[in-house]
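Content type compact mmCIF, C-alpha atoms and all ligand atoms, from the file query_6.txt:
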```
# COMPACT_ATOMS: atom_id res chain seq x y z
CA MET A 1 -2.49 33.57 10.39
CA ASN A 2 -2.03 29.83 10.70
CA LYS A 3 -3.60 28.68 7.45
CA LYS A 4 -5.80 25.59 7.49
CA ILE A 5 -4.30 22.76 5.48
CA ALA A 6 -6.17 19.65 4.34
CA ILE A 7 -4.10 16.61 3.40
CA ILE A 8 -6.12 14.07 1.49
CA GLY A 9 -4.87 10.49 1.56
CA GLY A 10 -3.18 8.63 4.39
CA GLY A 11 -0.70 6.61 2.32
CA LEU A 12 3.01 7.01 2.94
CA PHE A 13 3.18 10.31 1.05
CA GLY A 14 0.18 11.92 2.80
CA THR A 15 1.11 10.64 6.27
CA THR A 16 4.77 11.68 5.93
CA ALA A 17 3.67 15.12 4.72
CA TYR A 18 1.28 15.43 7.68
CA ILE A 19 4.04 14.54 10.18
CA ALA A 20 6.55 16.93 8.56
CA LEU A 21 4.08 19.84 8.45
CA LYS A 22 2.75 19.27 11.99
CA ARG A 23 6.31 19.20 13.35
CA LYS A 24 6.69 22.74 12.01
CA GLY A 25 3.55 23.81 13.85
CA LEU A 26 1.31 24.02 10.79
CA ASN A 27 -2.43 23.54 11.16
CA CYS A 28 -3.12 20.33 9.18
CA THR A 29 -5.96 17.84 9.01
CA LEU A 30 -5.42 14.45 7.40
CA PHE A 31 -8.34 12.72 5.68
CA GLU A 32 -8.21 8.99 4.91
CA ARG A 33 -11.16 7.10 3.46
CA ASN A 34 -10.08 3.75 4.95
CA LYS A 35 -10.46 2.82 8.61
CA ASP A 36 -6.68 3.06 9.04
CA LEU A 37 -3.63 4.68 7.49
CA LEU A 38 -1.31 2.97 4.99
CA LEU A 39 -3.68 0.46 3.45
CA GLY A 40 -3.18 1.55 -0.19
CA ALA A 41 -0.29 1.21 -2.65
CA SER A 42 2.31 1.93 0.04
CA THR A 43 1.69 -1.49 1.62
CA ASN A 44 0.50 -3.45 -1.42
CA ASN A 45 3.54 -3.32 -3.61
CA LEU A 46 6.86 -5.08 -4.16
CA ASN A 47 8.34 -3.50 -0.98
CA ARG A 48 11.55 -2.45 -2.72
CA VAL A 49 13.42 0.55 -1.34
CA HIS A 50 14.69 1.85 -4.65
CA PHE A 51 18.28 3.05 -4.88
CA GLY A 52 17.99 3.58 -8.65
CA TYR A 53 19.21 0.25 -10.13
CA HIS A 54 15.82 -0.25 -11.71
CA TYR A 55 16.00 2.79 -13.97
CA PRO A 56 18.93 2.45 -16.39
CA ARG A 57 17.01 4.44 -18.99
CA ASP A 58 16.54 7.48 -16.77
CA ASP A 59 19.31 8.93 -14.63
CA GLN A 60 16.94 11.48 -13.07
CA THR A 61 14.77 8.70 -11.58
CA ALA A 62 17.87 6.87 -10.37
CA LYS A 63 19.20 10.03 -8.70
CA GLN A 64 15.90 10.86 -6.97
CA SER A 65 15.85 7.37 -5.46
CA TYR A 66 19.52 7.44 -4.47
CA TYR A 67 19.21 10.76 -2.64
CA GLY A 68 15.65 10.05 -1.45
CA TYR A 69 16.93 7.03 0.46
CA VAL A 70 19.13 9.23 2.67
CA SER A 71 16.11 11.12 4.05
CA PHE A 72 13.84 8.04 4.04
CA LYS A 73 16.35 6.16 6.19
CA LYS A 74 16.31 8.91 8.83
CA PHE A 75 12.51 8.74 9.11
CA TYR A 76 11.79 5.05 8.65
CA LYS A 77 15.08 3.33 9.52
CA GLU A 78 13.50 0.50 11.55
CA SER A 79 11.43 -0.66 8.58
CA ILE A 80 14.44 -1.19 6.30
CA ILE A 81 15.56 -4.81 5.86
CA LYS A 82 18.93 -5.71 4.35
CA ASN A 83 19.66 -9.30 5.38
CA PHE A 84 19.27 -11.01 2.01
CA LYS A 85 21.10 -11.43 -1.28
CA ASN A 86 19.85 -9.19 -4.03
CA PHE A 87 20.63 -9.51 -7.75
CA TYR A 88 19.98 -7.50 -10.88
CA LEU A 89 20.35 -9.74 -13.95
CA ILE A 90 20.39 -8.56 -17.54
CA ALA A 91 18.37 -10.73 -19.92
CA LYS A 92 19.68 -11.47 -23.42
CA ASN A 93 16.71 -9.59 -24.89
CA SER A 94 17.03 -6.65 -22.46
CA LYS A 95 16.54 -3.06 -23.64
CA VAL A 96 19.92 -2.23 -22.06
CA ASN A 97 22.99 -4.39 -22.55
CA LEU A 98 25.22 -5.41 -19.65
CA ASN A 99 28.05 -2.99 -20.48
CA ASP A 100 25.73 -0.01 -20.70
CA TYR A 101 24.03 -1.12 -17.50
CA LEU A 102 27.35 -1.18 -15.65
CA LYS A 103 28.21 2.26 -17.03
CA PHE A 104 24.83 3.54 -15.80
CA CYS A 105 25.53 2.17 -12.29
CA LYS A 106 28.98 3.75 -12.15
CA ARG A 107 27.68 7.09 -13.43
CA ASN A 108 25.07 7.13 -10.66
CA ASN A 109 27.31 5.94 -7.78
CA LEU A 110 25.37 2.68 -7.56
CA SER A 111 27.81 0.18 -6.08
CA PHE A 112 27.75 -3.45 -7.21
CA LYS A 113 29.64 -6.71 -7.38
CA LEU A 114 29.74 -8.27 -10.83
CA ILE A 115 28.50 -11.85 -10.64
CA ASP A 116 30.40 -14.80 -12.02
CA LYS A 117 27.71 -16.89 -13.72
CA SER A 118 29.70 -20.08 -13.24
CA LYS A 119 29.85 -19.56 -9.46
CA ILE A 120 26.23 -18.70 -8.91
CA LYS A 121 24.25 -21.40 -7.06
CA PHE A 122 21.30 -21.62 -9.45
CA ASN A 123 21.18 -22.21 -13.22
CA LEU A 124 20.61 -19.18 -15.42
CA ASN A 125 19.23 -19.26 -18.96
CA ASN A 126 19.00 -16.44 -21.49
CA ILE A 127 20.99 -14.09 -19.24
CA GLN A 128 23.91 -11.83 -20.32
CA GLY A 129 25.21 -11.42 -16.77
CA GLY A 130 24.40 -9.35 -13.75
CA ILE A 131 25.35 -7.75 -10.48
CA GLU A 132 24.84 -8.28 -6.78
CA VAL A 133 23.68 -5.18 -4.92
CA LYS A 134 22.87 -4.05 -1.41
CA GLU A 135 19.48 -2.53 -2.21
CA PRO A 136 17.04 -3.18 0.68
CA ILE A 137 13.31 -3.69 1.16
CA TYR A 138 10.94 -2.25 3.76
CA ASP A 139 8.54 -4.09 6.03
CA TRP A 140 4.91 -3.01 5.65
CA ASP A 141 3.94 -3.76 9.26
CA ILE A 142 6.98 -2.03 10.73
CA ILE A 143 6.46 1.12 8.66
CA LYS A 144 2.81 1.21 9.81
CA LYS A 145 3.93 0.93 13.44
CA LYS A 146 6.62 3.55 12.94
CA THR A 147 4.20 6.11 11.48
CA LYS A 148 1.90 5.52 14.46
CA THR A 149 4.80 6.14 16.88
CA LEU A 150 5.72 9.34 15.04
CA LEU A 151 2.08 10.48 15.06
CA LYS A 152 1.73 9.84 18.81
CA LYS A 153 4.56 12.29 19.48
CA LEU A 154 2.60 15.12 17.83
CA LYS A 155 0.14 17.32 19.71
CA ASN A 156 -3.50 17.92 18.74
CA ASN A 157 -3.63 15.46 15.89
CA LYS A 158 -6.48 15.95 13.46
CA ILE A 159 -6.76 12.68 11.61
CA HIS A 160 -10.13 11.78 10.13
CA LEU A 161 -10.25 8.07 9.35
CA GLY A 162 -13.10 6.58 7.34
CA GLU A 163 -13.72 9.94 5.72
CA ASN A 164 -13.94 9.84 1.94
CA ILE A 165 -13.46 13.18 0.20
CA LYS A 166 -15.92 13.38 -2.64
CA LYS A 167 -15.61 16.89 -4.02
CA ILE A 168 -13.35 19.93 -3.83
CA ARG A 169 -14.48 23.37 -5.00
CA LYS A 170 -12.55 26.61 -5.18
CA LEU A 171 -14.52 29.44 -3.58
CA ASP A 172 -12.68 32.13 -1.54
CA SER A 173 -10.97 29.18 0.10
CA TYR A 174 -11.33 25.49 -0.81
CA GLU A 175 -14.56 23.75 0.07
CA ILE A 176 -14.24 20.04 0.71
CA THR A 177 -17.23 17.72 0.74
CA SER A 178 -16.86 14.28 2.31
CA ASN A 179 -19.22 11.48 3.29
CA LYS A 180 -19.33 13.09 6.75
CA GLY A 181 -19.43 16.85 6.24
CA ILE A 182 -18.42 20.03 4.45
CA TYR A 183 -15.29 21.96 5.44
CA ASN A 184 -13.28 24.98 4.33
CA PHE A 185 -9.51 24.96 4.01
CA ASP A 186 -6.95 27.48 2.76
CA ILE A 187 -4.52 24.93 1.37
CA ILE A 188 -5.08 21.52 -0.22
CA VAL A 189 -2.45 18.79 -0.32
CA ASP A 190 -3.74 16.00 -2.47
CA ALA A 191 -1.95 12.73 -1.71
CA SER A 192 -4.79 10.49 -2.82
CA TYR A 193 -2.72 8.76 -5.55
CA ASP A 194 -5.13 7.08 -8.01
CA GLN A 195 -8.03 9.37 -6.97
CA SER A 196 -6.18 12.62 -7.55
CA ASN A 197 -7.65 13.49 -10.93
CA SER A 198 -11.14 12.56 -9.76
CA LEU A 199 -10.86 15.01 -6.87
CA ASN A 200 -9.50 18.00 -8.73
CA LYS A 201 -11.94 18.03 -11.62
CA ASN A 202 -13.70 21.20 -10.38
CA VAL A 203 -10.40 23.01 -9.95
CA LYS A 204 -8.32 22.18 -12.99
CA LYS A 205 -8.53 20.77 -16.50
CA LYS A 206 -7.43 17.18 -16.12
CA ASN A 207 -4.23 15.77 -17.59
CA LYS A 208 -3.96 12.17 -18.77
CA ASN A 209 -2.21 9.48 -16.74
CA LYS A 210 -1.59 5.82 -17.28
CA TYR A 211 -3.81 3.93 -14.83
CA GLN A 212 -3.24 0.29 -14.02
CA LEU A 213 -4.70 -2.38 -11.80
CA VAL A 214 -1.75 -4.47 -10.71
CA VAL A 215 -1.33 -7.82 -8.94
CA VAL A 216 1.66 -8.92 -6.87
CA PHE A 217 1.75 -12.59 -5.85
CA GLU A 218 3.12 -14.03 -2.64
CA PHE A 219 5.16 -17.24 -2.67
CA ILE A 220 7.35 -19.41 -0.48
CA PRO A 221 10.67 -20.45 -2.05
CA LYS A 222 11.25 -24.20 -1.98
CA ASN A 223 14.89 -24.45 -3.02
CA PHE A 224 16.42 -21.08 -2.15
CA LYS A 225 16.55 -18.80 0.88
CA LYS A 226 15.63 -15.13 1.17
CA MET A 227 16.71 -13.56 -2.10
CA GLY A 228 15.84 -10.70 -4.40
CA LEU A 229 16.16 -10.86 -8.15
CA ALA A 230 15.21 -8.31 -10.79
CA LEU A 231 15.45 -9.28 -14.42
CA MET A 232 16.25 -6.25 -16.54
CA ASP A 233 15.29 -4.32 -18.62
CA GLY A 234 11.87 -4.72 -20.18
CA LYS A 235 8.81 -6.88 -19.67
CA PHE A 236 10.37 -9.18 -17.08
CA PHE A 237 9.81 -10.33 -13.49
CA SER A 238 11.21 -9.25 -10.13
CA PHE A 239 10.90 -10.94 -6.80
CA LEU A 240 11.95 -9.91 -3.31
CA PRO A 241 11.56 -11.20 0.23
CA LYS A 242 8.41 -9.85 1.86
CA GLY A 243 9.65 -7.72 4.74
CA LYS A 244 10.85 -9.76 7.70
CA GLN A 245 8.89 -12.81 6.62
CA ASN A 246 10.04 -15.98 4.95
CA LYS A 247 7.64 -15.29 2.11
CA HIS A 248 8.46 -13.55 -1.16
CA LEU A 249 6.63 -11.15 -3.47
CA LEU A 250 6.59 -11.64 -7.24
CA TYR A 251 5.85 -8.93 -9.79
CA HIS A 252 5.98 -8.98 -13.59
CA VAL A 253 6.12 -5.89 -15.80
CA LYS A 254 3.66 -7.48 -18.25
CA HIS A 255 1.76 -10.24 -16.47
CA SER A 256 1.05 -8.28 -13.25
CA ILE A 257 -1.08 -5.79 -15.17
CA ILE A 258 -4.75 -6.77 -14.89
CA LYS A 259 -6.06 -3.59 -16.50
CA GLU A 260 -4.37 -0.61 -18.12
CA LYS A 261 -5.69 2.57 -19.66
CA ILE A 262 -4.40 6.04 -20.50
CA CYS A 263 -7.19 8.39 -19.53
CA ASN A 264 -8.17 11.38 -17.38
CA GLU A 265 -9.31 9.53 -14.25
CA PHE A 266 -8.96 6.13 -12.62
CA PRO A 267 -11.76 4.10 -14.25
CA SER A 268 -14.40 3.59 -11.53
CA ASN A 269 -15.67 0.36 -13.15
CA TRP A 270 -12.38 -1.42 -12.29
CA LYS A 271 -13.28 -1.59 -8.61
CA ASN A 272 -14.99 -4.98 -8.73
CA ILE A 273 -11.91 -7.18 -8.58
CA LYS A 274 -13.90 -10.44 -8.59
CA LYS A 275 -14.57 -10.10 -12.30
CA TYR A 276 -10.82 -10.34 -13.00
CA ASN A 277 -10.32 -13.74 -11.34
CA SER A 278 -9.57 -15.55 -14.59
CA ILE A 279 -7.07 -12.87 -15.72
CA ILE A 280 -5.34 -13.12 -12.33
CA LYS A 281 -5.18 -16.91 -12.56
CA ASN A 282 -3.62 -16.65 -16.00
CA SER A 283 -1.13 -13.98 -14.78
CA LYS A 284 0.17 -16.41 -12.19
CA LYS A 285 0.61 -19.14 -14.80
CA MET A 286 2.45 -16.84 -17.20
CA MET A 287 4.75 -15.53 -14.46
CA LEU A 288 5.73 -19.03 -13.44
CA LYS A 289 6.46 -19.89 -17.08
CA ASP A 290 8.69 -16.82 -17.40
CA LEU A 291 10.47 -17.63 -14.16
CA LYS A 292 11.31 -21.09 -15.51
CA LYS A 293 12.56 -19.61 -18.81
CA TYR A 294 15.36 -17.71 -17.04
CA LEU A 295 15.76 -19.65 -13.77
CA PRO A 296 14.89 -23.22 -14.81
CA ASP A 297 15.54 -24.87 -11.44
CA THR A 298 13.63 -22.52 -9.15
CA LYS A 299 10.89 -24.15 -7.13
CA ILE A 300 8.30 -21.95 -5.50
CA LYS A 301 4.89 -22.45 -3.91
CA PHE A 302 2.33 -19.69 -4.26
CA THR A 303 0.36 -18.85 -1.11
CA ASN A 304 -3.30 -17.79 -1.30
CA ASN A 305 -2.32 -14.15 -0.77
CA ARG A 306 -2.06 -11.72 -3.61
CA TYR A 307 -1.98 -7.95 -3.44
CA ILE A 308 -4.01 -5.94 -5.91
CA ASN A 309 -3.76 -2.19 -6.13
CA PRO A 310 -4.22 0.65 -8.59
CA ARG A 311 -1.04 2.23 -9.91
CA VAL A 312 -0.62 5.63 -11.52
CA LEU A 313 2.14 6.32 -14.01
CA PRO A 314 2.86 9.29 -16.21
CA ALA A 315 1.35 8.73 -19.66
CA TYR A 316 3.60 8.03 -22.64
CA MET A 317 6.83 7.40 -20.70
CA GLU A 318 7.63 3.88 -21.98
CA LYS A 319 10.81 4.95 -23.78
CA SER A 320 12.63 6.41 -20.78
CA ASP A 321 10.64 4.63 -18.03
CA LYS A 322 10.87 7.89 -16.04
CA ARG A 323 9.31 7.58 -12.55
CA ILE A 324 9.70 10.89 -10.80
CA SER A 325 7.83 11.98 -7.70
CA LYS A 326 6.81 15.62 -7.87
CA ILE A 327 4.47 18.27 -6.52
CA ASN A 328 2.22 20.05 -8.99
CA GLU A 329 0.66 23.32 -7.83
CA ILE A 330 -2.42 22.87 -9.97
CA SER A 331 -4.07 26.03 -8.70
CA LYS A 332 -2.99 28.58 -6.07
CA ASP A 333 -2.47 26.72 -2.77
CA TYR A 334 -3.61 23.40 -4.24
CA PHE A 335 -0.69 20.97 -4.19
CA GLN A 336 -1.02 17.65 -5.93
CA ILE A 337 1.57 15.03 -5.00
CA PHE A 338 2.44 12.76 -7.88
CA SER A 339 4.21 9.89 -6.15
CA ALA A 340 6.52 7.38 -7.75
CA LYS A 341 8.74 5.49 -5.30
CA ILE A 342 8.20 5.23 -1.57
CA ASP A 343 11.67 6.43 -0.62
CA HIS A 344 10.91 9.77 -2.29
CA SER A 345 8.22 10.43 0.35
CA VAL A 346 10.40 12.27 2.90
CA ASP A 347 12.09 14.56 0.35
CA ILE A 348 8.70 15.35 -1.16
CA SER A 349 7.38 16.38 2.27
CA LYS A 350 10.41 18.69 2.69
CA GLU A 351 9.73 20.23 -0.72
CA LEU A 352 6.08 20.68 0.22
CA LEU A 353 7.05 22.48 3.40
CA LYS A 354 9.14 24.96 1.40
CA LYS A 355 6.30 25.57 -1.04
CA ILE A 356 3.71 26.11 1.70
CA LYS A 357 5.91 28.38 3.83
C1 LIG B 401 2.04 -3.24 -7.65
C2 LIG B 401 2.91 -2.08 -7.27
C3 LIG B 401 4.25 -2.31 -6.97
C4 LIG B 401 5.05 -1.25 -6.58
N1 LIG B 401 6.30 -1.51 -6.13
C5 LIG B 401 7.01 -0.54 -5.55
C6 LIG B 401 8.23 -0.84 -4.89
O1 LIG B 401 8.66 -1.99 -4.79
N2 LIG B 401 8.90 0.20 -4.35
C7 LIG B 401 8.47 1.50 -4.40
O2 LIG B 401 9.13 2.39 -3.91
N3 LIG B 401 7.31 1.79 -5.01
C8 LIG B 401 6.55 0.80 -5.55
N4 LIG B 401 5.35 1.10 -6.11
C9 LIG B 401 4.87 2.49 -6.09
C10 LIG B 401 4.49 2.93 -4.67
O3 LIG B 401 3.85 1.88 -3.99
C11 LIG B 401 3.58 4.15 -4.75
O4 LIG B 401 4.18 5.16 -5.53
C12 LIG B 401 3.35 4.75 -3.36
O5 LIG B 401 3.01 3.76 -2.44
C13 LIG B 401 2.27 5.77 -3.44
O6 LIG B 401 2.07 6.27 -2.15
P1 LIG B 401 0.87 7.23 -1.89
O7 LIG B 401 0.90 7.62 -0.47
O8 LIG B 401 0.88 8.30 -2.91
O9 LIG B 401 -0.39 6.31 -2.27
P2 LIG B 401 -1.20 5.28 -1.36
O10 LIG B 401 -0.34 4.52 -0.46
O11 LIG B 401 -2.09 4.51 -2.29
O12 LIG B 401 -2.09 6.24 -0.48
C14 LIG B 401 -3.17 6.99 -1.00
C15 LIG B 401 -4.21 7.05 0.08
O13 LIG B 401 -5.22 7.97 -0.29
C16 LIG B 401 -6.47 7.46 0.17
N5 LIG B 401 -7.52 8.12 -0.60
C17 LIG B 401 -7.71 8.05 -1.95
N6 LIG B 401 -8.77 8.80 -2.30
C18 LIG B 401 -9.26 9.34 -1.15
C19 LIG B 401 -10.35 10.22 -0.88
N7 LIG B 401 -11.15 10.65 -1.86
N8 LIG B 401 -10.59 10.58 0.40
C20 LIG B 401 -9.79 10.14 1.41
N9 LIG B 401 -8.75 9.30 1.20
C21 LIG B 401 -8.48 8.92 -0.07
C22 LIG B 401 -6.34 5.97 -0.10
O14 LIG B 401 -7.27 5.23 0.63
C23 LIG B 401 -4.91 5.71 0.30
O15 LIG B 401 -4.80 5.34 1.65
C24 LIG B 401 4.51 0.07 -6.52
C25 LIG B 401 3.18 0.29 -6.83
C26 LIG B 401 2.36 -0.77 -7.16
C27 LIG B 401 0.92 -0.52 -7.41
```
Using structure tokens, write down the structure that the file contains.
Amino acid sequence: MNKKIAIIGGGLFGTTAYIALKRKGLNCTLFERNKDLLLGASTNNLNRVHFGYHYPRDDQTAKQSYYGYVSFKKFYKESIIKNFKNFYLIAKNSKVNLNDYLKFCKRNNLSFKLIDKSKIKFNLNNIQGGIEVKEPIYDWDIIKKKTKTLLKKLKNNKIHLGENIKKIRKLDSYEITSNKGIYNFDIIVDASYDQSNSLNKNVKKKNKNKYQLVVVFEFIPKNFKKMGLALMDGKFFSFLPKGKQNKHLLYHVKHSIIKEKICNEFPSNWKNIKKYNSIIKNSKKMMLKDLKKYLPDTKIKFTNNRYINPRVLPAYMEKSDKRISKINEISKDYFQIFSAKIDHSVDISKELLKKIK
């Protein structure tokens, strides 16, 4: 029997899983509460395609990104952008010193060119040293177009846009209640990211996660060209070009966080973003101050665009900074995708296929 599979959430993880499962002839339906696919975290982030450089305190995360990229590239090649300089710099007060960082890169096959601080075009303050890398970014618009092209090639698509799943119950099969109807499915794939624990509360005792509301700012560089720079390792900033555009995206480990809480579900009272306007204004100020502390000559102009999205992290992982994507079978035939980095999405869909088959 061709079991009925419901995939909840049309972000990159849910959509990739849908494509992979449909290609194998499985009977899937994709539910997305928004009017279109890929409007959540997958296109409101820093657009980095992680190779692993960001995780010197956890080799497992680095490895998942390194290998994940190989499959991601096959699926979403056109969205990957490489035509810019990209640096990882180690701050003097970093959690990892430069030597250990270089050892980490070598251990994980992460290639790099050591930078000569005296030859670099911009002034650096409070920096031990750093490396130049070939880690790319992905373009949000191109990846949206690419998923649409891949979807068009499939037959009998069942994609329900604007359909918000409100409740899931385990009866003989799984009963799903949405704003539009009630359905029965044999298998659930939950790719709803921040809403995951709210959906499964009738099926499983909830585990705690770290929930955040995060802002990424957009800026135009005034005295440098397309460039990426990540200051490591701790509560520092990173910026990257924004896809194919001339704009850049700026994120800060501390100042980007508007709200943060370790709890069982994404707090529903965080949805009214307007009430955080003053926090967001202050975040921007603090980020600029930090930028000047390490890169005193940089001149940037913020645009009016900023990208705010929930983020879900494993609770109590500060020490290792582990960011692993995984599939939890929280009940028989109920698969919860815990996503971490976008280039893990294709490998996760392959793993899902094995589990379902
Ligand atoms: C600020 C920020 C910066 C980041 N930077 C990077 C980065 O540079 N590189 C990187 O690799 N990763 C980054 N990440 C992490 C990455 O963006 C996420 O891990 C990834 O996008 C999650 O993909 P997803 O498909 O699980 O979630 P999403 O893309 O959020 O998709 C979930 C979908 O589920 C839908 N949904 C939710 N509930 C329901 C429901 N009840 N019914 C129907 N639909 C529902 C949502 O509308 C949404 O479309 C960042 C995250 C944030 C927040």
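The closest residue to ligand LIG 401 (chain B), picked from A:Glu218, A:Asp141, A:Glu329, A:Asp36 and counting only C-alpha atoms and all ligand atoms, is A:Asp36.
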Quiz prompt | 8 Å contact set for range 248-262 of chain A, all atoms listed in the file, chain neighbours under 3 positions out, as a PyMOL selection string | solution = chain A and resi 46+208-221+226+234-242+245+270+276+279-280+283-284+286-287+315
Quiz prompt | Distance criterion (only C-alpha atoms): nearest to Asn309 in chain A out of A:Asn45, A:Lys292, A:Thr147, A:Asn109 | solution =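 For Asn309 in chain A, the nearest of the given residues is A:Asn45.
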Quick one: everything within 12 Å of Asp100 in chain A, counting all atoms listed in the file, minus sequence neighbours fewer than 6 positions away in the same chain. Send it as a PDB file with C-alpha atoms, keeping the file's coordinate frame.
```pdb
ATOM      1  CA  PRO A  56      18.930   2.450 -16.390  1.00  0.00           C
ATOM      2  CA  ARG A  57      17.010   4.440 -18.990  1.00  0.00           C
ATOM      3  CA  ILE A  90      20.390  -8.560 -17.540  1.00  0.00           C
ATOM      4  CA  SER A  94      17.030  -6.650 -22.460  1.00  0.00           C
ATOM      5  CA  LYS A 106      28.980   3.750 -12.150  1.00  0.00           C
ATOM      6  CA  ARG A 107      27.680   7.090 -13.430  1.00  0.00           C
ATOM      7  CA  GLN A 128      23.910 -11.830 -20.320  1.00  0.00           C
ATOM      8  CA  GLY A 130      24.400  -9.350 -13.750  1.00  0.00           C
ATOM      9  CA  ASP A 233      15.290  -4.320 -18.620  1.00  0.00           C
TER      10      ASP A 233
END
```
Give the centre and edge lengths of an axis-aligned box, in Å to one decimal, that holds all listed atoms of ligand LIG 401 (chain B) with 6 Å on each side, as AutoDock Vina command-line options.
```
--center_x -1.0 --center_y 3.7 --center_z -3.0 --size_x 32.3 --size_y 25.9 --size_z 21.3
```
Quiz item: Can you tell me how far CA of Ile176 in chain A sits from CA of Ser196 in chain A, in Å to one decimal?
Solution: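 CA of Ser196 in chain A lies at a distance of 13.7 Å from CA of Ile176 in chain A.
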Quiz prompt | Option closest in space to ligand LIG 401 (chain B), from A:Ile187, A:Ile324, A:Met317, A:Ile8 [counting all atoms listed in the file] | solution = A:Ile8
Given the point (-7.5, 11.9, -12.5) in the coordinates of this file, which residues lie within 6 Å, counting all atoms listed in the file, and how would they look as a PDB file with C-alpha atoms, in the coordinates of the input?
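Contents of selection-v1.pdb, as written:
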```pdb
ATOM      1  CA  SER A 196      -6.180  12.620  -7.550  1.00  0.00           C
ATOM      2  CA  ASN A 197      -7.650  13.490 -10.930  1.00  0.00           C
ATOM      3  CA  SER A 198     -11.140  12.560  -9.760  1.00  0.00           C
ATOM      4  CA  ASN A 264      -8.170  11.380 -17.380  1.00  0.00           C
ATOM      5  CA  GLU A 265      -9.310   9.530 -14.250  1.00  0.00           C
ATOM      6  CA  PHE A 266      -8.960   6.130 -12.620  1.00  0.00           C
TER       7      PHE A 266
END
```
Quiz item: For ligand LIG 401 (chain B), which of A:Leu171, A:Cys263, A:Ile137, A:Leu154 is the closest residue, counting only C-alpha atoms and all ligand atoms?
Solution: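 Smallest separation from ligand LIG 401 (chain B) among the options: A:Ile137.
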Quiz item: Using only C-alpha atoms, which residues sit within 8 Å of Asn123 in chain A once same-chain residues fewer than 3 positions away are excluded, as number ranges by chain?
Solution: A: 120, 295-297
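Restricting the calculation to all atoms listed in the file, the smallest distance between ligand LIG 401 (chain B) and any of A:Leu37, A:Cys105, A:Ala91, A:Met227 is found for A:Leu37.
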Practice problem: In Å, rounded to a single decimal, give me how far CA of Leu39 in chain A is from atom C2 of ligand LIG 401 (chain B). | Solution: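 Separating atom C2 of ligand LIG 401 (chain B) from CA of Leu39 in chain A is a distance of 12.8 Å.
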Quiz prompt | Pick from A:His54, A:Asn272, A:Lys103, A:Ser192, whichever lies nearest to Thr15 in chain A using only C-alpha atoms | solution =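 Using only C-alpha atoms, the shortest distance to Thr15 in chain A belongs to A:Ser192.
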Self-check item: Answer as JSON, numbers by chain, residues within 12 Å of (18.7, -10.4, 5.7) using all atoms listed in the file
Solution: {"A": [80, 81, 82, 83, 84, 85, 86, 134, 135, 136, 137, 138, 139, 225, 226, 227, 228, 240, 241, 242, 243, 244, 245, 246]}
Quiz item: CA of Ile300 in chain A to CA of Lys121 in chain A: how many Å, to one decimal?
Solution: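 These atoms are spaced 16.0 Å apart.
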Can you build me a table of range 221-336 of chain A residues sitting at most 12 Å from range 63-68 of chain A, with the closest atom pair per residue and its distance in Å to one decimal, using all atoms listed in the file, sorted by chain and residue number, as a tab-separated table?
```
residue	atom	partner	partner_atom	distance
A:Lys322	CA	A:Gln64	CA	10.8
A:Arg323	CA	A:Gln64	CA	9.2
A:Ile324	CA	A:Gln64	CA	7.3
A:Ser325	CA	A:Gln64	CA	8.2
A:Lys326	CA	A:Gln64	CA	10.3
```
Quiz item: Which residues, written as an MDAnalysis selection string, have at least one atom at most 12 Å from Arg23 in chain A, with only C-alpha atoms counted and residues fewer than 3 positions away on the same chain left out?
Solution: chainID A and resid 16:20 26:28 150:157 349:350 353
Provide range 128-136 of chain A rebuilt to N, CA and C atoms, formatted as a short mmCIF file (atom, residue, chain, number, x, y, z; two decimals), keeping the file's coordinate frame.
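Listing of selection_19.cif after writing:
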```
data_model
loop_
_atom_site.label_atom_id
_atom_site.label_comp_id
_atom_site.auth_asym_id
_atom_site.auth_seq_id
_atom_site.Cartn_x
_atom_site.Cartn_y
_atom_site.Cartn_z
N GLN A 128 22.58 -12.33 -19.93
CA GLN A 128 23.91 -11.83 -20.32
C GLN A 128 24.88 -11.87 -19.14
N GLY A 129 24.38 -11.50 -17.97
CA GLY A 129 25.21 -11.42 -16.77
C GLY A 129 24.46 -10.59 -15.76
N GLY A 130 25.14 -10.15 -14.73
CA GLY A 130 24.40 -9.35 -13.75
C GLY A 130 25.27 -8.92 -12.59
N ILE A 131 24.63 -8.30 -11.63
CA ILE A 131 25.35 -7.75 -10.48
C ILE A 131 24.63 -8.11 -9.18
N GLU A 132 25.43 -8.13 -8.11
CA GLU A 132 24.84 -8.28 -6.78
C GLU A 132 24.88 -6.90 -6.13
N VAL A 133 23.79 -6.53 -5.47
CA VAL A 133 23.68 -5.18 -4.92
C VAL A 133 23.22 -5.23 -3.46
N LYS A 134 23.29 -4.10 -2.82
CA LYS A 134 22.87 -4.05 -1.41
C LYS A 134 21.56 -3.25 -1.26
N GLU A 135 20.73 -3.30 -2.26
CA GLU A 135 19.48 -2.53 -2.21
C GLU A 135 18.48 -3.24 -1.27
N PRO A 136 17.90 -2.52 -0.31
CA PRO A 136 17.04 -3.18 0.68
C PRO A 136 15.55 -3.22 0.32
#
```
